[in-house]
>>> print(open('run-v9.cif').read())   # mmCIF, C-alpha atoms and all ligand atoms
data_start
loop_
_atom_site.label_atom_id
_atom_site.label_comp_id
_atom_site.auth_asym_id
_atom_site.auth_seq_id
_atom_site.Cartn_x
_atom_site.Cartn_y
_atom_site.Cartn_z
CA MET A 1 89.66 145.68 101.14
CA ASN A 2 88.79 142.62 99.07
CA THR A 3 88.20 139.30 100.77
CA PRO A 4 91.00 136.91 99.78
CA VAL A 5 89.95 134.15 97.39
CA LYS A 6 91.56 130.95 96.19
CA GLN A 7 92.51 131.02 92.54
CA HIS A 8 93.17 128.00 90.35
CA LEU A 9 96.18 128.49 88.06
CA ILE A 10 98.29 126.50 85.59
CA ASP A 11 102.08 126.43 85.76
CA PRO A 12 103.28 127.67 82.35
CA GLU A 13 106.78 126.27 82.91
CA ILE A 14 105.54 122.68 83.23
CA CYS A 15 102.40 122.72 81.05
CA ILE A 16 102.95 120.90 77.72
CA ARG A 17 99.95 122.57 76.05
CA CYS A 18 98.09 119.32 75.38
CA TYR A 19 94.77 121.12 76.13
CA THR A 20 93.35 118.02 77.82
CA CYS A 21 92.24 120.16 80.76
CA GLU A 22 90.50 122.59 78.43
CA MET A 23 88.64 119.74 76.75
CA THR A 24 87.71 118.23 80.11
CA CYS A 25 86.44 121.34 81.86
CA PRO A 26 82.64 120.99 81.89
CA ILE A 27 82.03 124.77 82.12
CA GLU A 28 84.66 126.09 79.68
CA ALA A 29 86.60 127.89 82.38
CA ILE A 30 89.92 126.91 80.75
CA THR A 31 91.15 128.59 77.62
CA HIS A 32 94.43 129.26 75.79
CA ASP A 33 96.25 131.62 73.46
CA ASP A 34 99.54 131.08 71.60
CA MET A 35 101.46 131.32 74.88
CA ASN A 36 99.59 129.77 77.78
CA VAL A 37 96.67 127.66 78.95
CA VAL A 38 94.83 129.58 81.66
CA VAL A 39 91.89 129.34 84.07
CA ASP A 40 89.20 132.00 84.20
CA ALA A 41 88.73 132.85 87.88
CA ASP A 42 85.23 134.18 87.17
CA LYS A 43 84.11 130.81 85.83
CA CYS A 44 86.11 128.10 87.69
CA ASN A 45 83.87 126.38 90.26
CA PHE A 46 86.64 124.12 91.64
CA CYS A 47 84.97 120.94 90.38
CA MET A 48 88.48 119.43 90.06
CA ASP A 49 87.60 117.48 86.90
CA CYS A 50 90.71 118.87 85.19
CA ILE A 51 93.15 117.81 87.91
CA PRO A 52 93.53 114.06 87.28
CA VAL A 53 93.62 114.31 83.47
CA CYS A 54 96.69 116.57 83.38
CA PRO A 55 99.73 114.48 82.42
CA THR A 56 102.26 116.83 84.04
CA GLY A 57 100.62 118.08 87.25
CA SER A 58 100.98 121.67 86.01
CA ILE A 59 97.21 122.06 86.45
CA ASP A 60 97.45 121.63 90.23
CA GLU A 61 98.45 125.19 91.19
CA TRP A 62 96.65 127.46 93.63
CA ARG A 63 97.14 130.91 95.08
CA VAL A 64 95.24 132.88 97.67
CA VAL A 65 94.83 136.38 96.25
CA ASN A 66 93.06 139.60 97.07
CA THR A 67 92.33 140.24 93.39
CA PRO A 68 92.32 137.23 91.03
CA TYR A 69 94.84 137.34 88.18
CA SER A 70 93.07 138.23 84.93
CA LEU A 71 93.25 136.12 81.78
CA GLU A 72 95.47 138.78 80.18
CA GLU A 73 97.92 138.65 83.07
CA GLN A 74 98.05 134.85 82.90
CA PHE A 75 98.61 134.86 79.11
CA GLY A 76 101.70 137.00 79.70
CA TRP A 77 103.37 134.71 82.25
CA SER A 78 106.49 132.65 81.58
CA GLU A 79 106.39 131.43 85.18
CA LEU A 80 103.87 131.49 88.01
CA PRO A 81 104.02 134.39 90.45
CA PRO A 82 104.89 133.39 94.03
CA GLN A 83 102.16 133.31 96.66
CA GLU A 84 101.77 136.93 97.74
CA ASP A 85 102.26 137.64 101.40
CA LEU A 86 98.80 138.91 102.22
CA GLY A 87 99.52 139.50 105.86
CA GLU A 88 97.73 138.00 108.80
CA ALA A 89 94.67 140.22 108.74
CA GLU A 90 94.08 139.89 105.03
CA THR A 91 94.39 136.13 104.82
CA GLY A 92 91.98 135.81 107.70
CA MET A 93 94.68 133.74 109.36
CA GLU A 94 94.21 133.68 113.10
CA ALA A 95 96.85 133.45 115.76
CA LEU A 96 95.79 129.85 116.29
CA ASP A 97 96.59 129.00 112.69
CA GLU A 98 99.98 130.57 113.14
CA ALA A 99 100.38 128.23 116.06
CA MET A 100 100.04 125.41 113.52
CA ALA A 101 102.94 126.82 111.56
CA ALA A 102 104.95 127.00 114.78
CA LEU A 103 104.12 123.35 115.52
CA LEU A 104 105.35 122.35 112.09
CA ALA A 105 108.54 124.39 112.51
CA GLU A 106 109.14 122.50 115.75
CA ALA A 107 108.58 119.17 113.96
CA HIS A 108 111.15 120.23 111.34
CA ALA A 109 113.72 121.47 113.86
CA GLY A 110 115.67 118.20 113.76
CA ALA A 111 117.03 119.13 110.33
CA GLY A 112 119.40 121.50 112.15
CA GLY A 113 118.51 124.69 110.29
CA LYS A 114 116.08 126.42 107.98
CA ALA A 115 114.23 123.86 105.89
CA VAL A 116 114.13 124.39 102.13
CA ALA A 117 111.79 122.72 99.65
CA PRO A 118 113.29 120.45 96.98
CA LYS A 119 114.13 122.48 93.87
CA SER A 120 111.73 120.56 91.65
CA ALA A 121 108.83 120.33 94.15
CA ALA A 122 105.46 121.68 93.01
CA ARG A 123 104.41 124.84 94.78
CA PRO A 124 102.17 123.98 97.71
CA ALA A 125 98.97 125.75 98.68
CA ILE A 126 98.95 126.52 102.39
CA ASN A 127 96.47 127.86 104.95
CA LEU A 128 93.53 127.67 102.59
CA TYR A 129 91.28 126.70 105.48
CA THR A 130 91.47 128.23 108.93
CA LEU A 131 89.84 127.72 112.28
CA ALA A 132 87.49 130.56 111.38
CA GLN A 133 86.72 128.95 108.02
CA PRO A 134 87.53 125.24 108.22
CA ALA A 135 86.96 122.72 105.45
CA VAL A 136 84.25 120.20 106.32
CA ALA A 137 85.29 116.67 105.33
CA LYS A 138 83.16 113.53 105.39
CA VAL A 139 84.56 110.16 106.48
CA GLN A 140 84.53 107.78 103.54
CA GLY A 141 86.19 104.91 105.37
CA ASN A 142 88.04 104.09 108.58
CA TYR A 143 90.12 100.90 108.35
CA ARG A 144 92.27 99.25 110.94
CA LEU A 145 95.83 98.70 109.67
CA THR A 146 97.31 96.69 112.53
CA ASP A 147 96.54 93.24 113.94
CA ASP A 148 98.24 93.86 117.26
CA PRO A 149 95.34 94.40 119.75
CA GLU A 150 97.47 96.77 121.84
CA HIS A 151 98.30 98.93 118.88
CA ASP A 152 95.46 100.50 116.91
CA VAL A 153 96.57 102.32 113.74
CA ARG A 154 93.91 103.51 111.28
CA HIS A 155 93.76 104.44 107.63
CA ILE A 156 91.09 107.12 107.46
CA ILE A 157 89.79 108.32 104.10
CA LEU A 158 88.18 111.76 103.99
CA ASP A 159 85.94 112.92 101.18
CA MET A 160 86.36 116.64 100.53
CA GLY A 161 83.17 116.79 98.44
CA GLY A 162 83.09 119.83 96.18
CA LEU A 163 85.68 121.77 98.18
CA PRO A 164 89.02 122.51 96.54
CA PHE A 165 91.55 120.96 98.87
CA PRO A 166 94.84 120.84 96.96
CA VAL A 167 97.43 118.95 98.96
CA LEU A 168 100.91 117.80 97.95
CA GLU A 169 102.67 114.68 99.19
CA GLY A 170 104.40 115.47 102.50
CA GLN A 171 101.94 118.18 103.57
CA SER A 172 99.87 118.00 106.73
CA VAL A 173 96.35 119.01 107.70
CA GLY A 174 94.97 120.25 110.99
CA VAL A 175 92.17 118.20 112.53
CA VAL A 176 89.92 120.13 114.90
CA PRO A 177 88.72 117.90 117.75
CA PRO A 178 85.11 118.70 118.66
CA GLY A 179 84.25 120.30 121.97
CA GLU A 180 86.00 122.86 124.11
CA ASP A 181 89.01 122.95 126.40
CA GLU A 182 88.87 123.65 130.13
CA ASN A 183 88.73 127.40 129.40
CA GLY A 184 85.68 127.04 127.19
CA LYS A 185 87.74 127.66 124.03
CA PRO A 186 87.71 125.44 120.92
CA HIS A 187 90.49 122.87 120.91
CA LEU A 188 93.62 123.66 118.93
CA PRO A 189 93.81 121.53 115.76
CA ARG A 190 96.26 118.62 115.76
CA LEU A 191 98.58 118.12 112.81
CA TYR A 192 98.43 114.92 110.77
CA SER A 193 100.49 114.09 107.68
CA VAL A 194 98.46 113.27 104.62
CA SER A 195 99.22 109.73 103.44
CA SER A 196 97.65 109.97 99.98
CA PRO A 197 99.16 111.51 96.83
CA ARG A 198 98.11 114.83 95.31
CA ASP A 199 95.44 113.39 93.01
CA GLY A 200 93.73 111.71 95.93
CA GLU A 201 93.54 108.39 97.68
CA ARG A 202 91.62 107.33 94.62
CA PRO A 203 92.44 109.24 91.44
CA ASN A 204 89.54 111.33 90.13
CA TYR A 205 87.99 111.52 93.60
CA ASN A 206 88.53 114.55 95.75
CA ASN A 207 89.67 112.60 98.79
CA ILE A 208 92.68 112.39 101.10
CA SER A 209 93.84 109.82 103.64
CA LEU A 210 95.38 110.09 107.09
CA THR A 211 97.32 107.47 109.07
CA VAL A 212 96.40 107.75 112.75
CA LYS A 213 97.63 105.85 115.79
CA ARG A 214 95.31 105.70 118.79
CA GLU A 215 97.21 107.21 121.71
CA PRO A 216 96.10 106.42 125.27
CA ASP A 217 94.07 109.45 126.42
CA GLY A 218 94.78 111.17 123.08
CA LEU A 219 91.88 113.56 122.53
CA CYS A 220 92.21 113.89 118.76
CA SER A 221 93.58 110.42 117.95
CA ASN A 222 90.67 108.75 119.77
CA PHE A 223 88.21 111.08 118.06
CA LEU A 224 89.67 110.16 114.67
CA CYS A 225 90.02 106.43 115.31
CA ASP A 226 86.39 106.23 116.47
CA LEU A 227 84.95 108.12 113.48
CA GLU A 228 82.28 106.24 111.59
CA LYS A 229 81.62 106.35 107.88
CA GLY A 230 79.58 109.43 106.99
CA ALA A 231 80.70 111.45 110.03
CA GLU A 232 81.86 115.01 109.40
CA LEU A 233 84.90 116.79 110.78
CA ASN A 234 86.62 120.16 110.45
CA LEU A 235 90.03 120.48 108.82
CA THR A 236 92.46 123.38 108.61
CA GLY A 237 95.44 123.80 106.32
CA PRO A 238 96.97 122.36 104.25
CA PHE A 239 100.27 123.07 106.02
CA GLY A 240 103.90 122.56 105.10
CA ALA A 241 105.97 124.11 102.33
CA THR A 242 109.28 122.22 102.57
CA PHE A 243 108.83 118.50 103.40
CA LEU A 244 107.74 117.88 99.80
CA LEU A 245 108.43 115.36 97.06
CA PRO A 246 110.76 116.44 94.23
CA ASP A 247 108.83 116.25 90.97
CA ASP A 248 112.11 115.35 89.26
CA ALA A 249 111.72 111.66 88.46
CA GLU A 250 115.50 111.21 88.59
CA ALA A 251 115.71 112.32 92.23
CA ARG A 252 116.71 109.45 94.52
CA LEU A 253 114.92 109.21 97.83
CA LEU A 254 116.31 107.84 101.10
CA LEU A 255 113.27 107.43 103.36
CA ILE A 256 113.65 106.76 107.08
CA CYS A 257 110.53 106.38 109.22
CA THR A 258 108.94 104.78 112.25
CA GLY A 259 105.27 103.89 112.78
CA THR A 260 102.86 106.50 111.46
CA GLY A 261 105.87 108.47 110.19
CA SER A 262 105.31 106.26 107.17
CA ALA A 263 102.34 108.46 106.14
CA PRO A 264 104.29 110.86 103.86
CA MET A 265 106.42 107.97 102.60
CA ARG A 266 103.24 106.24 101.44
CA ALA A 267 102.16 109.41 99.63
CA PHE A 268 105.59 109.70 97.95
CA THR A 269 105.51 106.05 96.90
CA MET A 270 101.98 106.25 95.48
CA ARG A 271 102.76 109.43 93.58
CA ARG A 272 105.82 107.85 91.98
CA GLN A 273 103.97 104.62 91.30
CA ARG A 274 101.22 106.54 89.48
CA VAL A 275 103.43 108.97 87.60
CA VAL A 276 106.87 107.52 86.90
CA GLY A 277 106.72 103.87 87.98
CA GLY A 278 110.01 101.99 87.84
CA LYS A 279 111.62 104.67 85.66
CA SER A 280 112.32 106.85 88.69
CA GLY A 281 115.68 107.43 90.36
CA GLY A 282 114.56 104.93 92.96
CA MET A 283 113.73 104.94 96.64
CA LEU A 284 115.30 103.15 99.58
CA MET A 285 113.17 103.01 102.73
CA PHE A 286 114.14 102.09 106.29
CA PHE A 287 110.86 101.57 108.16
CA GLY A 288 110.81 100.72 111.87
CA ALA A 289 107.91 99.11 113.75
CA ARG A 290 107.41 96.79 116.70
CA ASN A 291 106.61 93.77 114.54
CA PRO A 292 104.93 93.03 111.18
CA GLU A 293 101.48 93.07 112.85
CA SER A 294 101.98 96.67 113.93
CA LEU A 295 103.68 97.97 110.77
CA PRO A 296 101.17 100.20 108.95
CA TYR A 297 100.50 99.12 105.34
CA PHE A 298 102.47 95.88 105.71
CA GLY A 299 100.24 94.08 103.16
CA PRO A 300 100.18 96.81 100.47
CA LEU A 301 103.94 97.36 100.86
CA LYS A 302 104.56 93.76 99.86
CA LYS A 303 103.06 94.55 96.45
CA VAL A 304 105.28 97.56 95.72
CA PRO A 305 107.94 96.48 93.19
CA GLU A 306 111.55 96.63 94.29
CA ASN A 307 112.66 98.70 91.32
CA LEU A 308 110.39 101.46 92.64
CA LEU A 309 111.01 101.05 96.38
CA LYS A 310 113.65 98.98 98.15
CA GLN A 311 112.35 98.16 101.62
CA GLU A 312 114.26 97.56 104.82
CA LEU A 313 111.54 96.70 107.35
CA VAL A 314 113.04 96.78 110.83
CA TYR A 315 111.43 95.30 113.94
CA SER A 316 112.05 96.18 117.56
CA ARG A 317 109.87 93.58 119.30
CA LEU A 318 110.17 90.27 117.52
CA ASP A 319 110.00 87.23 119.80
CA GLY A 320 113.40 85.70 120.33
CA GLN A 321 115.25 88.44 118.45
CA ALA A 322 117.29 91.40 119.59
CA LYS A 323 115.67 94.84 119.32
CA GLU A 324 116.56 96.50 116.04
CA TYR A 325 115.98 100.15 115.15
CA VAL A 326 116.15 101.87 111.76
CA GLN A 327 119.55 103.36 112.60
CA ASP A 328 120.93 99.87 113.29
CA ARG A 329 119.78 98.64 109.90
CA MET A 330 121.21 101.74 108.22
CA MET A 331 124.59 100.83 109.69
CA ALA A 332 124.15 97.26 108.47
CA ARG A 333 123.49 98.66 104.96
CA GLU A 334 126.28 101.20 105.24
CA GLU A 335 127.51 100.80 101.67
CA ALA A 336 124.12 101.39 100.07
CA VAL A 337 123.49 104.46 102.23
CA ALA A 338 127.02 105.80 101.64
CA GLU A 339 126.60 105.46 97.90
CA MET A 340 123.40 107.50 98.08
CA LEU A 341 125.11 110.18 100.22
CA THR A 342 127.67 110.72 97.45
CA ASP A 343 124.98 111.29 94.82
CA PRO A 344 123.77 114.91 94.44
CA ALA A 345 120.42 113.54 93.25
CA THR A 346 119.73 112.05 96.71
CA HIS A 347 117.06 113.55 98.97
CA ILE A 348 116.71 112.33 102.58
CA TYR A 349 113.39 112.29 104.47
CA ILE A 350 113.13 111.35 108.14
CA CYS A 351 109.69 111.10 109.74
CA GLY A 352 108.47 109.59 112.98
CA LEU A 353 109.40 109.61 116.66
CA LYS A 354 111.49 112.52 117.89
CA GLY A 355 113.52 109.94 119.78
CA MET A 356 114.87 108.51 116.53
CA GLU A 357 116.65 111.75 115.56
CA ASP A 358 119.80 111.17 117.59
CA GLY A 359 120.21 107.55 116.52
CA VAL A 360 119.68 108.35 112.84
CA GLU A 361 122.04 111.36 113.01
CA HIS A 362 124.64 109.12 114.62
CA ALA A 363 124.29 106.52 111.88
CA LEU A 364 124.51 109.17 109.15
CA THR A 365 127.58 110.66 110.86
CA ASN A 366 129.34 107.29 110.86
CA ILE A 367 128.35 106.46 107.31
CA ALA A 368 129.35 109.88 105.96
CA GLU A 369 132.69 109.64 107.76
CA SER A 370 133.34 106.27 106.14
CA ILE A 371 133.44 108.09 102.81
CA GLY A 372 135.45 111.00 104.15
CA GLN A 373 132.54 113.44 104.44
CA PRO A 374 131.92 115.34 107.69
CA TRP A 375 128.17 114.81 108.17
CA ALA A 376 127.56 118.24 109.74
CA ILE A 377 128.82 119.90 106.55
CA LEU A 378 127.15 117.48 104.13
CA ARG A 379 123.86 117.80 106.03
CA ASP A 380 123.91 121.60 105.83
CA VAL A 381 124.64 121.46 102.10
CA MET A 382 121.84 118.96 101.53
CA ARG A 383 119.40 120.98 103.63
CA SER A 384 120.19 124.25 101.86
CA GLU A 385 119.68 122.46 98.54
CA GLY A 386 116.27 121.19 99.65
CA ARG A 387 117.55 117.62 99.97
CA TYR A 388 117.39 116.98 103.73
CA HIS A 389 114.07 116.92 105.54
CA VAL A 390 113.11 115.96 109.07
CA GLU A 391 109.61 115.81 110.55
CA THR A 392 109.46 114.32 114.02
CA TYR A 393 106.97 114.54 116.88
P1 LIG B 1 110.17 100.21 120.63
O1 LIG B 1 109.85 98.76 120.53
O2 LIG B 1 111.42 100.47 121.44
O3 LIG B 1 109.01 101.02 121.09
P2 LIG B 1 105.15 102.58 116.85
O4 LIG B 1 104.93 104.06 116.83
O5 LIG B 1 104.27 101.86 115.92
O6 LIG B 1 105.25 102.02 118.22
O7 LIG B 1 106.58 102.34 116.17
C1 LIG B 1 107.67 103.04 116.56
C2 LIG B 1 108.87 102.18 116.33
O8 LIG B 1 110.02 103.01 116.56
C3 LIG B 1 108.97 101.03 117.32
O9 LIG B 1 109.57 99.92 116.70
C4 LIG B 1 109.86 101.63 118.39
O10 LIG B 1 110.55 100.66 119.14
C5 LIG B 1 110.83 102.38 117.53
N1 LIG B 1 111.62 103.34 118.31
C6 LIG B 1 111.41 103.76 119.57
N2 LIG B 1 112.40 104.60 119.96
C7 LIG B 1 113.25 104.71 118.92
C8 LIG B 1 114.47 105.42 118.72
N3 LIG B 1 115.00 106.18 119.66
N4 LIG B 1 115.08 105.29 117.54
C9 LIG B 1 114.55 104.53 116.55
N5 LIG B 1 113.41 103.82 116.69
C10 LIG B 1 112.76 103.91 117.86
#
>>> encode(input="run-v9.cif", output="structure tokens", more="lines below")
Ligand code: A2P
Amino acid sequence: MNTPVKQHLIDPEICIRCYTCEMTCPIEAITHDDMNVVVDADKCNFCMDCIPVCPTGSIDEWRVVNTPYSLEEQFGWSELPPQEDLGEAETGMEALDEAMAALLAEAHAGAGGKAVAPKSAARPAINLYTLAQPAVAKVQGNYRLTDDPEHDVRHIILDMGGLPFPVLEGQSVGVVPPGEDENGKPHLPRLYSVSSPRDGERPNYNNISLTVKREPDGLCSNFLCDLEKGAELNLTGPFGATFLLPDDAEARLLLICTGTGSAPMRAFTMRRQRVVGGKSGGMLMFFGARNPESLPYFGPLKKVPENLLKQELVYSRLDGQAKEYVQDRMMAREEAVAEMLTDPATHIYICGLKGMEDGVEHALTNIAESIGQPWAILRDVMRSEGRYHVETY
């Protein structure tokens, strides 16, 4: 049996045949015929130089395969083949990595049924790195995002070096805390949403960012928040094949988050800012935090133009003011939310505390009813169309 390998591919449905990737590749691993632009698996060394220069993102496709697709096979494609199911043994996926998938399924349970990726989302690579074969990342920076002394939230940038680590907005990675548990076994990785877009925290650099809140006695969050520049850590994943950004620039996004649940929303916003700017269908975000000092990315958010992202920042612990949660503000902006619910281009993303699920569901129920739509039915339609996504923890 062959050992599974990662293969870099180009999506023939999206590629515009501009050949920029071919001209950029320093080792001539990319070539084309009259039909397709393709990557030679025997030559590609995953340097990633071609990724940021592609104007469409079609270059950012990956499959784990037992036998790499030949050039001839790729020339014949009108669309990419799906990721083959290689089975547990063949992918080298351990039971522990399956536990990661179970954790993610649990985080997505609040959507009320089987999650489906947006129709126009790029195809994600998943489980490229396992506990048996983790990716080693190096800390490029660890910055405090919050002024509140009781509330330490960090923006941690990880350099993936020469390793291919393709990750789409909305995906998560597993962080393996060092050391062993009380049974002498390695700790189970903890899931963290990636907060950078697919071409990296900084375009042209193979890096990703995480948004991490220090939890009292939290083994992994304290490990991450204390990491110094240059330190190395093991990652598994990427994980997540449904909580993804539609590539369709016309898709409208209703984003609802609390605290570090803003991580995927940041990735979505940066991707749109880099690729479509103000020409997108637009995004409306309800973002709940204790106060401005504890709202992650408060400063950078102020610079995001309103035609890209309308922001409703909601605070629960402002001196002299009543507690307000995201669901309260959604009710206060009932008309704007209702209008989005009637639009088949709208995609809803909810990320943050599990406790917010009920309140947000209640608000959506009331708002949908105000326009004569039973929310339970509308929600199921949206979910089955890949337009309703929940990730809570
Ligand atoms: P609270 O002041 O009641 O804790 P962080 O993770 O940074 O603490 O932010 C989480 C935010 O979500 C806080 O403002 C918190 O308010 C708020 N929150 C807590 N419980 C809920 C809930 N059930 N629904 C919506 N927001 C909530």
>>> residues_near_point(input="run-v9.cif", point="(83.0, 109.9, 105.8)", cutoff="12 Å", atoms="only C-alpha atoms", output="PyMOL selection string")
chain A and resi 136-143+156-161+207-209+224+226-234
>>> closest_residue(input="run-v9.cif", among="A:Ser196, A:Thr236, A:Thr346, A:Ser294", to="Gly282 (chain A)", atoms="all atoms listed in the file")
A:Thr346
>>> residues_around(input="run-v9.cif", residues="Cys25 (chain A)", least_positions_apart="6", cutoff="10 Å", atoms="only C-alpha atoms", output="list in words")
Thr31, Val39, Cys44, Cys47, Met48, Asp49, Cys50 and Ile51 of chain A
>>> closest_residue(input="run-v9.cif", among="A:Glu180, A:Asp217, A:Asp152, A:Glu169", to="ligand LIG 1 (chain B)", atoms="all atoms listed in the file")
A:Asp152
>>> residues_around(input="run-v9.cif", residues="region 364-369 of chain A", least_positions_apart="2", cutoff="10 Å", atoms="all atoms listed in the file", output="list of chain:residue names")
A:Gln327, A:Met330, A:Met331, A:Arg333, A:Glu334, A:Glu335, A:Ala336, A:Val337, A:Ala338, A:Glu339, A:Leu341, A:Thr342, A:Asp358, A:Gly359, A:Val360, A:Glu361, A:His362, A:Ile371, A:Gly372, A:Gln373, A:Pro374, A:Trp375, A:Ala376, A:Leu378, A:Arg379
>>> closest_residue(input="run-v9.cif", among="A:Thr258, A:Asn45, A:Thr24, A:Thr392", to="Phe243 (chain A)", atoms="all atoms listed in the file")
A:Thr392
>>> residues_near_ligand(input="run-v9.cif", ligand="ligand LIG 1 (chain B)", cutoff="7 Å", atoms="all atoms listed in the file", output="PDB file with C-alpha atoms, keeping the file's coordinate frame")
ATOM      1  CA  THR A 258     108.940 104.780 112.250  1.00  0.00           C
ATOM      2  CA  GLY A 259     105.270 103.890 112.780  1.00  0.00           C
ATOM      3  CA  THR A 260     102.860 106.500 111.460  1.00  0.00           C
ATOM      4  CA  GLY A 288     110.810 100.720 111.870  1.00  0.00           C
ATOM      5  CA  ALA A 289     107.910  99.110 113.750  1.00  0.00           C
ATOM      6  CA  ARG A 290     107.410  96.790 116.700  1.00  0.00           C
ATOM      7  CA  SER A 294     101.980  96.670 113.930  1.00  0.00           C
ATOM      8  CA  LEU A 295     103.680  97.970 110.770  1.00  0.00           C
ATOM      9  CA  TYR A 315     111.430  95.300 113.940  1.00  0.00           C
ATOM     10  CA  SER A 316     112.050  96.180 117.560  1.00  0.00           C
ATOM     11  CA  ARG A 317     109.870  93.580 119.300  1.00  0.00           C
ATOM     12  CA  TYR A 325     115.980 100.150 115.150  1.00  0.00           C
ATOM     13  CA  VAL A 326     116.150 101.870 111.760  1.00  0.00           C
ATOM     14  CA  GLN A 327     119.550 103.360 112.600  1.00  0.00           C
ATOM     15  CA  LEU A 353     109.400 109.610 116.660  1.00  0.00           C
ATOM     16  CA  GLY A 355     113.520 109.940 119.780  1.00  0.00           C
ATOM     17  CA  MET A 356     114.870 108.510 116.530  1.00  0.00           C
ATOM     18  CA  GLU A 357     116.650 111.750 115.560  1.00  0.00           C
ATOM     19  CA  GLY A 359     120.210 107.550 116.520  1.00  0.00           C
TER      20      GLY A 359
END
>>> closest_residue(input="run-v9.cif", among="A:Pro164, A:Gly170, A:Pro178, A:Pro197", to="Arg271 (chain A)", atoms="all atoms listed in the file")
A:Pro197
>>> closest_residue(input="run-v9.cif", among="A:Met340, A:Ala125, A:Met270, A:Leu235", to="Leu301 (chain A)", atoms="only C-alpha atoms")
A:Met270
>>> atom_distance(input="run-v9.cif", atom1="CA of Glu79 (chain A)", atom2="CA of Arg17 (chain A)")
14.3 Å
>>> closest_residue(input="run-v9.cif", among="A:Cys54, A:Ala41, A:Phe46, A:Leu9", to="Met23 (chain A)", atoms="only C-alpha atoms")
A:Cys54
>>> atom_distance(input="run-v9.cif", atom1="CA of Tyr19 (chain A)", atom2="CA of Ala251 (chain A)")
27.8 Å
>>> residues_around(input="run-v9.cif", residues="region 119-124 of chain A", least_positions_apart="4", cutoff="9 Å", atoms="all atoms listed in the file", output="count of residues only")
25
>>> atom_distance(input="run-v9.cif", atom1="CA of Arg154 (chain A)", atom2="CA of Thr211 (chain A)")
5.7 Å
>>> residues_around(input="run-v9.cif", residues="Tyr349 (chain A)", least_positions_apart="4", cutoff="7 Å", atoms="all atoms listed in the file", output="ChimeraX atom specification")
/A:254-256,388-390
>>> write_last_selection(input="run-v9.cif", atoms="C-alpha atoms", output="PDB file, in the coordinates of the input")
ATOM      1  CA  LEU A 254     116.310 107.840 101.100  1.00  0.00           C
ATOM      2  CA  LEU A 255     113.270 107.430 103.360  1.00  0.00           C
ATOM      3  CA  ILE A 256     113.650 106.760 107.080  1.00  0.00           C
ATOM      4  CA  TYR A 388     117.390 116.980 103.730  1.00  0.00           C
ATOM      5  CA  HIS A 389     114.070 116.920 105.540  1.00  0.00           C
ATOM      6  CA  VAL A 390     113.110 115.960 109.070  1.00  0.00           C
TER       7      VAL A 390
END
>>> residues_near_point(input="run-v9.cif", point="(99.6, 117.4, 112.8)", cutoff="9 Å", atoms="only C-alpha atoms", output="PyMOL selection string")
chain A and resi 100+103-104+172-175+189-193+239+393
